[in-house]
Amino acid sequence: MATAELPGERTVALSGGDGGEARVLDLGRPGATEPLTGLRRRVTAPATARLPGGRVLAVGGSEDRCVVVRDLVTRRELATPYHLPAPDSSTAARGTGFVVAHEAGTASFTWCADLLTPAAG
């Protein structure tokens, strides 16, 4: 599970889930959840990051060996899913544009420089 603060001081939690779906939970409204889709199998490794331009990322790693990066405000996919050599067991995202996915003693590092552009609007 990971947390993030969205514009308007709205705090959300991102949790993994079955069926390729993560859940976005609004911590200011108990019980309010929204699906975040894009993977095919169980989401095992959610992460969030705030980029220097203000964009907030939701990063989800899955048993399907993919990592998906979305804008957590617009829910838009921001990059082609990253394919890993093994299912993802943990993911970390940094505001510098690094996404790290890890499984069984190996790590895949991806530089997402194109994500560092300021959020639109």
# chains A, B, ... in the order shown; residues from 1 in each chain; ligands from 1
>>> residues_around(residues="Glu9 in chain A", least_positions_apart="3", cutoff="12 Å", atoms="only C-alpha atoms", output="list in words")
Ala4, Glu5, Leu6, Val12, Asp26, Leu27 and Gly28 of chain A
>>> residues_around(residues="Thr37 in chain A", least_positions_apart="4", cutoff="7 Å", atoms="only C-alpha atoms", output="JSON, numbers by chain")
{"A": [20, 21, 22]}
>>> select_by_dssp(residues="range 12-103 of chain A", states="strand (DSSP E)", output="ChimeraX atom specification")
/A:12-15,21-26,33-37,43-50,56-62,66-71,82-83,90-93,98-103
>>> atom_distance(atom1="CA of Pro7 in chain A", atom2="CA of Arg50 in chain A")
11.0 Å
>>> closest_residue(among="A:Glu63, A:Asp71, A:Gly16, A:Leu51", to="His83 in chain A", atoms="only C-alpha atoms")
A:Glu63
